[in-house]
>>> print(open('entry.cif').read())   # mmCIF, C-alpha atoms and all ligand atoms
data_upload
#
loop_
_atom_site.group_PDB
_atom_site.id
_atom_site.type_symbol
_atom_site.label_atom_id
_atom_site.label_comp_id
_atom_site.auth_asym_id
_atom_site.auth_seq_id
_atom_site.Cartn_x
_atom_site.Cartn_y
_atom_site.Cartn_z
ATOM 1 C CA MET P 1 15.537 -38.703 0.941
ATOM 2 C CA SER P 2 16.506 -35.708 3.080
ATOM 3 C CA THR P 3 18.869 -32.977 1.893
ATOM 4 C CA PRO P 4 22.129 -32.988 3.864
ATOM 5 C CA GLY P 5 22.222 -30.076 6.310
ATOM 6 C CA ALA P 6 18.534 -29.181 5.773
ATOM 7 C CA SER P 7 17.808 -29.284 9.488
ATOM 8 C CA GLN P 8 20.684 -26.937 10.350
ATOM 9 C CA GLY P 9 20.642 -23.142 10.266
ATOM 10 C CA PRO P 10 17.878 -20.841 9.079
ATOM 11 C CA VAL P 11 15.447 -21.790 6.307
ATOM 12 C CA LEU P 12 16.221 -20.255 2.907
ATOM 13 C CA ARG P 13 14.449 -16.901 2.600
ATOM 14 C CA PRO P 14 12.079 -16.200 -0.301
ATOM 15 C CA ALA P 15 13.395 -13.847 -2.983
ATOM 16 C CA THR P 16 10.246 -11.669 -3.089
ATOM 17 C CA LEU P 17 6.764 -11.111 -1.715
ATOM 18 C CA ALA P 18 5.119 -12.324 -4.931
ATOM 19 C CA HIS P 19 1.417 -11.424 -4.794
ATOM 20 C CA VAL P 20 -1.731 -11.047 -2.747
ATOM 21 C CA PHE P 21 -4.817 -13.164 -3.407
ATOM 22 C CA LEU P 22 -8.192 -11.777 -2.415
ATOM 23 C CA ARG P 23 -11.484 -13.655 -2.176
ATOM 24 C CA THR P 24 -14.589 -11.567 -2.712
ATOM 25 C CA ASN P 25 -18.352 -11.582 -3.086
ATOM 26 C CA LYS P 26 -18.166 -8.348 -5.132
ATOM 27 C CA PHE P 27 -16.034 -9.637 -8.003
ATOM 28 C CA PRO P 28 -16.833 -7.069 -10.738
ATOM 29 C CA GLU P 29 -16.492 -4.118 -8.352
ATOM 30 C CA MET P 30 -13.234 -5.397 -6.877
ATOM 31 C CA VAL P 31 -11.612 -6.082 -10.249
ATOM 32 C CA ALA P 32 -12.649 -2.675 -11.580
ATOM 33 C CA TRP P 33 -11.390 -0.984 -8.420
ATOM 34 C CA TYR P 34 -7.907 -2.536 -8.503
ATOM 35 C CA LYS P 35 -7.546 -1.902 -12.228
ATOM 36 C CA ALA P 36 -8.387 1.747 -11.668
ATOM 37 C CA VAL P 37 -6.400 2.305 -8.473
ATOM 38 C CA LEU P 38 -3.211 0.563 -9.590
ATOM 39 C CA GLY P 39 -3.490 1.213 -13.309
ATOM 40 C CA ALA P 40 -3.348 -2.588 -13.481
ATOM 41 C CA GLU P 41 -4.376 -4.865 -16.317
ATOM 42 C CA ALA P 42 -5.575 -8.449 -16.327
ATOM 43 C CA ARG P 43 -3.012 -10.965 -17.490
ATOM 44 C CA LEU P 44 -5.760 -13.598 -17.394
ATOM 45 C CA GLU P 45 -9.399 -13.054 -16.455
ATOM 46 C CA SER P 46 -12.656 -14.984 -16.357
ATOM 47 C CA ASP P 47 -16.037 -14.222 -14.796
ATOM 48 C CA ARG P 48 -14.747 -15.418 -11.402
ATOM 49 C CA ILE P 49 -10.969 -14.940 -11.281
ATOM 50 C CA SER P 50 -8.634 -12.166 -12.385
ATOM 51 C CA PHE P 51 -4.835 -12.059 -12.299
ATOM 52 C CA LEU P 52 -3.747 -8.433 -12.304
ATOM 53 C CA CYS P 53 -0.298 -7.108 -13.162
ATOM 54 C CA PHE P 54 1.267 -3.658 -13.088
ATOM 55 C CA ASP P 55 5.006 -4.355 -13.219
ATOM 56 C CA ALA P 56 7.363 -7.032 -14.542
ATOM 57 C CA GLU P 57 5.747 -9.763 -12.404
ATOM 58 C CA HIS P 58 3.105 -11.886 -14.201
ATOM 59 C CA HIS P 59 0.611 -11.068 -11.455
ATOM 60 C CA ARG P 60 0.699 -9.100 -8.227
ATOM 61 C CA VAL P 61 -2.975 -9.152 -7.221
ATOM 62 C CA ALA P 62 -5.356 -12.041 -7.826
ATOM 63 C CA ILE P 63 -9.070 -11.648 -7.143
ATOM 64 C CA CYS P 64 -11.420 -14.606 -6.994
ATOM 65 C CA ALA P 65 -15.171 -15.007 -6.491
ATOM 66 C CA LEU P 66 -14.849 -18.030 -4.228
ATOM 67 C CA PRO P 67 -18.186 -19.641 -3.249
ATOM 68 C CA ASP P 68 -19.634 -18.893 0.197
ATOM 69 C CA THR P 69 -17.534 -15.760 0.691
ATOM 70 C CA GLY P 70 -19.109 -13.522 3.332
ATOM 71 C CA ASP P 71 -18.686 -9.796 3.786
ATOM 72 C CA LYS P 72 -15.421 -8.583 5.285
ATOM 73 C CA ILE P 73 -15.375 -8.171 9.055
ATOM 74 C CA LYS P 74 -13.062 -5.224 9.603
ATOM 75 C CA THR P 75 -12.216 -6.161 13.179
ATOM 76 C CA GLY P 76 -11.382 -9.764 12.281
ATOM 77 C CA ALA P 77 -7.859 -11.103 12.593
ATOM 78 C CA GLY P 78 -5.681 -11.221 9.516
ATOM 79 C CA LEU P 79 -4.344 -8.815 6.955
ATOM 80 C CA GLU P 80 -4.735 -5.189 8.072
ATOM 81 C CA HIS P 81 -3.618 -3.646 4.798
ATOM 82 C CA MET P 82 -1.396 -4.211 1.787
ATOM 83 C CA ALA P 83 1.027 -1.566 0.544
ATOM 84 C CA PHE P 84 2.127 -0.609 -2.967
ATOM 85 C CA GLY P 85 5.244 1.487 -3.420
ATOM 86 C CA PHE P 86 5.824 4.414 -5.769
ATOM 87 C CA ALA P 87 9.251 5.492 -6.937
ATOM 88 C CA SER P 88 8.951 9.031 -5.583
ATOM 89 C CA LEU P 89 6.749 11.400 -3.623
ATOM 90 C CA ASP P 90 5.880 13.174 -6.870
ATOM 91 C CA ASP P 91 4.709 9.895 -8.428
ATOM 92 C CA LEU P 92 2.649 9.112 -5.315
ATOM 93 C CA ALA P 93 0.945 12.519 -5.493
ATOM 94 C CA LEU P 94 0.355 12.263 -9.247
ATOM 95 C CA ALA P 95 -1.341 8.871 -8.840
ATOM 96 C CA TYR P 96 -3.455 10.356 -6.005
ATOM 97 C CA GLN P 97 -4.594 13.161 -8.308
ATOM 98 C CA GLN P 98 -5.336 10.738 -11.146
ATOM 99 C CA ARG P 99 -7.454 8.551 -8.846
ATOM 100 C CA LYS P 100 -9.243 11.602 -7.486
ATOM 101 C CA ALA P 101 -10.098 12.668 -11.051
ATOM 102 C CA ARG P 102 -11.736 9.236 -11.418
ATOM 103 C CA GLY P 103 -13.750 9.657 -8.229
ATOM 104 C CA ILE P 104 -11.494 7.469 -6.040
ATOM 105 C CA THR P 105 -10.565 9.311 -2.876
ATOM 106 C CA PRO P 106 -8.389 8.229 0.056
ATOM 107 C CA SER P 107 -9.606 7.189 3.480
ATOM 108 C CA TRP P 108 -6.450 8.284 5.334
ATOM 109 C CA CYS P 109 -3.289 10.216 4.561
ATOM 110 C CA VAL P 110 -0.440 10.276 7.046
ATOM 111 C CA ASN P 111 3.277 10.904 7.219
ATOM 112 C CA HIS P 112 4.859 7.871 8.903
ATOM 113 C CA GLY P 113 8.254 9.553 8.766
ATOM 114 C CA ILE P 114 9.821 6.509 7.158
ATOM 115 C CA THR P 115 7.271 6.653 4.325
ATOM 116 C CA MET P 116 4.517 8.976 3.097
ATOM 117 C CA PRO P 117 1.382 6.847 2.659
ATOM 118 C CA ILE P 118 -2.043 7.508 1.184
ATOM 119 C CA TYR P 119 -4.601 4.855 2.141
ATOM 120 C CA TYR P 120 -7.738 3.728 0.343
ATOM 121 C CA SER P 121 -10.531 1.297 1.095
ATOM 122 C CA ASP P 122 -11.353 -1.187 -1.682
ATOM 123 C CA ALA P 123 -14.833 -2.365 -2.682
ATOM 124 C CA ASP P 124 -14.800 -4.999 0.093
ATOM 125 C CA GLY P 125 -13.390 -2.674 2.738
ATOM 126 C CA ASN P 126 -9.773 -3.910 2.625
ATOM 127 C CA MET P 127 -7.244 -1.191 3.322
ATOM 128 C CA VAL P 128 -4.817 -0.475 0.492
ATOM 129 C CA GLU P 129 -1.790 1.698 1.118
ATOM 130 C CA THR P 130 0.086 3.585 -1.575
ATOM 131 C CA GLN P 131 3.410 4.910 -0.388
ATOM 132 C CA ALA P 132 6.685 6.556 -1.256
ATOM 133 C CA ASP P 133 9.843 6.051 0.779
ATOM 134 C CA SER P 134 11.027 9.104 2.676
ATOM 135 C CA PHE P 135 14.707 8.163 2.659
ATOM 136 C CA ASP P 136 17.060 7.544 -0.226
ATOM 137 C CA SER P 137 18.540 4.388 1.279
ATOM 138 C CA ASN P 138 17.432 1.476 3.456
ATOM 139 C CA GLU P 139 20.223 2.338 5.886
ATOM 140 C CA GLU P 140 18.799 5.829 6.483
ATOM 141 C CA ALA P 141 15.264 4.426 6.772
ATOM 142 C CA THR P 142 16.375 1.800 9.281
ATOM 143 C CA ALA P 143 18.204 4.426 11.325
ATOM 144 C CA TYR P 144 14.990 6.480 11.442
ATOM 145 C CA MET P 145 12.977 3.405 12.525
ATOM 146 C CA LEU P 146 15.338 3.058 15.479
ATOM 147 C CA SER P 147 14.998 6.741 16.446
ATOM 148 C CA GLU P 148 13.160 8.003 19.534
ATOM 149 C CA GLU P 149 10.735 9.950 17.311
ATOM 150 C CA PHE P 150 9.606 6.767 15.556
ATOM 151 C CA LYS P 151 9.503 4.691 18.751
ATOM 152 C CA GLU P 152 7.310 7.303 20.444
ATOM 153 C CA ASN P 153 4.935 7.608 17.486
ATOM 154 C CA PRO P 154 5.284 4.880 14.827
ATOM 155 C CA VAL P 155 1.986 5.907 13.201
ATOM 156 C CA GLY P 156 3.001 9.432 12.288
ATOM 157 C CA THR P 157 1.224 12.712 11.684
ATOM 158 C CA GLU P 158 -1.910 13.692 9.755
ATOM 159 C CA VAL P 159 -1.417 14.974 6.210
ATOM 160 C CA ASP P 160 -3.863 16.750 3.918
ATOM 161 C CA PRO P 161 -3.190 15.256 0.467
ATOM 162 C CA GLU P 162 -4.271 18.498 -1.212
ATOM 163 C CA GLU P 163 -1.691 20.389 0.848
ATOM 164 C CA LEU P 164 0.884 17.762 -0.135
ATOM 165 C CA VAL P 165 0.108 18.382 -3.814
ATOM 166 C CA ARG P 166 0.252 22.157 -3.315
ATOM 167 C CA ARG P 167 3.686 21.972 -1.679
ATOM 168 C CA LEU P 168 5.035 19.704 -4.410
ATOM 169 C CA GLN P 169 3.675 21.923 -7.167
ATOM 170 C CA ALA P 170 5.187 24.966 -5.443
ATOM 171 C CA GLY P 171 8.574 23.315 -5.796
ATOM 172 C CA GLU P 172 9.233 23.024 -2.073
ATOM 173 C CA ASP P 173 12.275 21.017 -1.027
ATOM 174 C CA ARG P 174 11.185 17.351 -0.957
ATOM 175 C CA ALA P 175 13.250 16.737 2.179
ATOM 176 C CA GLU P 176 11.195 19.410 3.974
ATOM 177 C CA ILE P 177 7.897 17.936 2.787
ATOM 178 C CA ARG P 178 8.953 14.486 3.986
ATOM 179 C CA LYS P 179 9.546 15.723 7.556
ATOM 180 C CA ARG P 180 6.811 14.841 10.032
ATOM 181 C CA ASP P 181 4.828 17.805 11.263
ATOM 182 C CA GLY P 182 1.406 18.390 12.774
ATOM 183 C CA PRO P 183 -0.877 16.375 15.082
ATOM 184 C CA CYS P 184 -0.478 12.650 15.738
ATOM 185 C CA ALA P 185 -2.434 10.634 13.181
ATOM 186 C CA GLY P 186 -3.963 8.164 15.661
ATOM 187 C CA ALA P 187 -5.549 4.940 14.432
ATOM 188 C CA PRO P 188 -5.957 4.095 10.730
ATOM 189 C CA LYS P 189 -9.195 5.263 9.128
ATOM 190 C CA GLY P 190 -10.441 2.747 6.638
HETATM 191 FE FE FE P 201 1.800 -0.174 5.834
#
>>> encode(input="entry.cif", output="structure tokens")
Amino acid sequence: MSTPGASQGPVLRPATLAHVFLRTNKFPEMVAWYKAVLGAEARLESDRISFLCFDAEHHRVAICALPDTGDKIKTGAGLEHMAFGFASLDDLALAYQQRKARGITPSWCVNHGITMPIYYSDADGNMVETQADSFDSNEEATAYMLSEEFKENPVGTEVDPEELVRRLQAGEDRAEIRKRDGPCAGAPKG
């Protein structure tokens, strides 16, 4: 039986982007890496599958040792990176410092203008972005996305994460730190 009106108008949108599911041939390394990088914990875990959570959702990242999984081909089609958001620039920088203290260092740090991201490469070579929004509202962020500056360079400018930490610790105005400055960041480094 068909639902009346189901063929008319747009399809109902999902409420959220619920989780990512990763297949791997390096299961222990991948699970340890995501637990460390996201401060995540396993809601349910066996020797071949782990459901990791770090917020109110029951799981946000699932990792599975599926049979016949080959190594990642970085130039293959598909997911380029996944991004995890922090509530503020200060939180983003604190998590960066905490990871660094555990020997986990970023592969790329750039100011997109709309966000300030710090990228990492996981045990399989997947790119993982950690970011903080650079505007206080979606309206301001959208307006920036439509600006000439963003159209001309949607990637952004290179950032030294240590300099970012220094500026934050010095108490510099966050709005100034968020502004794009410096050379164009070019292609992602993963
Ligand atoms: Fe991104």
>>> resolve_selection(input="entry.cif", expression="the PyMOL selection byres (((chain P and resi 17-34) around 9) and not hetatm)", output="PyMOL selection string")
chain P and resi 14-16+35-42+47-52+57+59-72+82+104+122-124
>>> resolve_selection(input="entry.cif", expression="the PyMOL selection byres (((not hetatm)) within 7 of (chain P and resi 201))", output="VMD selection string")
chain P and resid 81 to 83 129
>>> closest_residue(input="entry.cif", among="P:Asn126, P:Pro188, P:Gln131, P:Leu12", to="Gly76 (chain P)", atoms="only C-alpha atoms")
P:Asn126
>>> residues_around(input="entry.cif", residues="region 117-120 of chain P", least_positions_apart="4", cutoff="7 Å", atoms="only C-alpha atoms", output="PDB file with C-alpha atoms, keeping the file's coordinate frame")
ATOM      1  CA  PRO P 106      -8.389   8.229   0.056  1.00  0.00           C
ATOM      2  CA  SER P 107      -9.606   7.189   3.480  1.00  0.00           C
ATOM      3  CA  TRP P 108      -6.450   8.284   5.334  1.00  0.00           C
ATOM      4  CA  CYS P 109      -3.289  10.216   4.561  1.00  0.00           C
ATOM      5  CA  VAL P 110      -0.440  10.276   7.046  1.00  0.00           C
ATOM      6  CA  ASN P 111       3.277  10.904   7.219  1.00  0.00           C
ATOM      7  CA  MET P 127      -7.244  -1.191   3.322  1.00  0.00           C
ATOM      8  CA  VAL P 128      -4.817  -0.475   0.492  1.00  0.00           C
ATOM      9  CA  GLU P 129      -1.790   1.698   1.118  1.00  0.00           C
ATOM     10  CA  THR P 130       0.086   3.585  -1.575  1.00  0.00           C
ATOM     11  CA  GLN P 131       3.410   4.910  -0.388  1.00  0.00           C
ATOM     12  CA  ALA P 132       6.685   6.556  -1.256  1.00  0.00           C
ATOM     13  CA  GLY P 190     -10.441   2.747   6.638  1.00  0.00           C
TER      14      GLY P 190
END
>>> closest_residue(input="entry.cif", among="P:Asp133, P:Glu163, P:Glu152, P:Asp55", to="Ala175 (chain P)", atoms="all atoms listed in the file")
P:Asp133
>>> closest_residue(input="entry.cif", among="P:Asp136, P:Asp181, P:Glu149, P:Glu162", to="Ala87 (chain P)", atoms="all atoms listed in the file")
P:Asp136
>>> resolve_selection(input="entry.cif", expression="the PyMOL selection byres (((chain P and resi 184) around 6) and not hetatm)", output="MDAnalysis selection string")
chainID P and resid 156:157 183 185:186
>>> write_last_selection(input="entry.cif", atoms="C-alpha atoms", output="mmCIF file, in the frame of the given file")
data_model
loop_
_atom_site.group_PDB
_atom_site.id
_atom_site.type_symbol
_atom_site.label_atom_id
_atom_site.label_comp_id
_atom_site.auth_asym_id
_atom_site.auth_seq_id
_atom_site.Cartn_x
_atom_site.Cartn_y
_atom_site.Cartn_z
ATOM 1 C CA GLY P 156 3.001 9.432 12.288
ATOM 2 C CA THR P 157 1.224 12.712 11.684
ATOM 3 C CA PRO P 183 -0.877 16.375 15.082
ATOM 4 C CA ALA P 185 -2.434 10.634 13.181
ATOM 5 C CA GLY P 186 -3.963 8.164 15.661
#
>>> atom_distance(input="entry.cif", atom1="CA of Asp91 (chain P)", atom2="CA of Arg43 (chain P)")
24.0 Å
>>> atom_distance(input="entry.cif", atom1="CA of Arg166 (chain P)", atom2="CA of Ala141 (chain P)")
25.3 Å
>>> atom_distance(input="entry.cif", atom1="CA of Val159 (chain P)", atom2="CA of Arg180 (chain P)")
9.1 Å
>>> closest_residue(input="entry.cif", among="P:Ser2, P:Arg13, P:Leu79, P:Asp173", to="Gly125 (chain P)", atoms="only C-alpha atoms")
P:Leu79
>>> closest_residue(input="entry.cif", among="P:Asn138, P:Ala6, P:Val11, P:Ala93", to="Leu168 (chain P)", atoms="all atoms listed in the file")
P:Ala93
>>> closest_residue(input="entry.cif", among="P:Ser46, P:Ser137, P:Gln98, P:Ser147", to="Gly113 (chain P)", atoms="only C-alpha atoms")
P:Ser147
>>> axis_aligned_box(input="entry.cif", around="region 113-116 of chain P", padding_each_side="3 Å", output="AutoDock Vina command-line options")
--center_x 7.2 --center_y 8.0 --center_z 5.9 --size_x 11.3 --size_y 9.0 --size_z 11.7
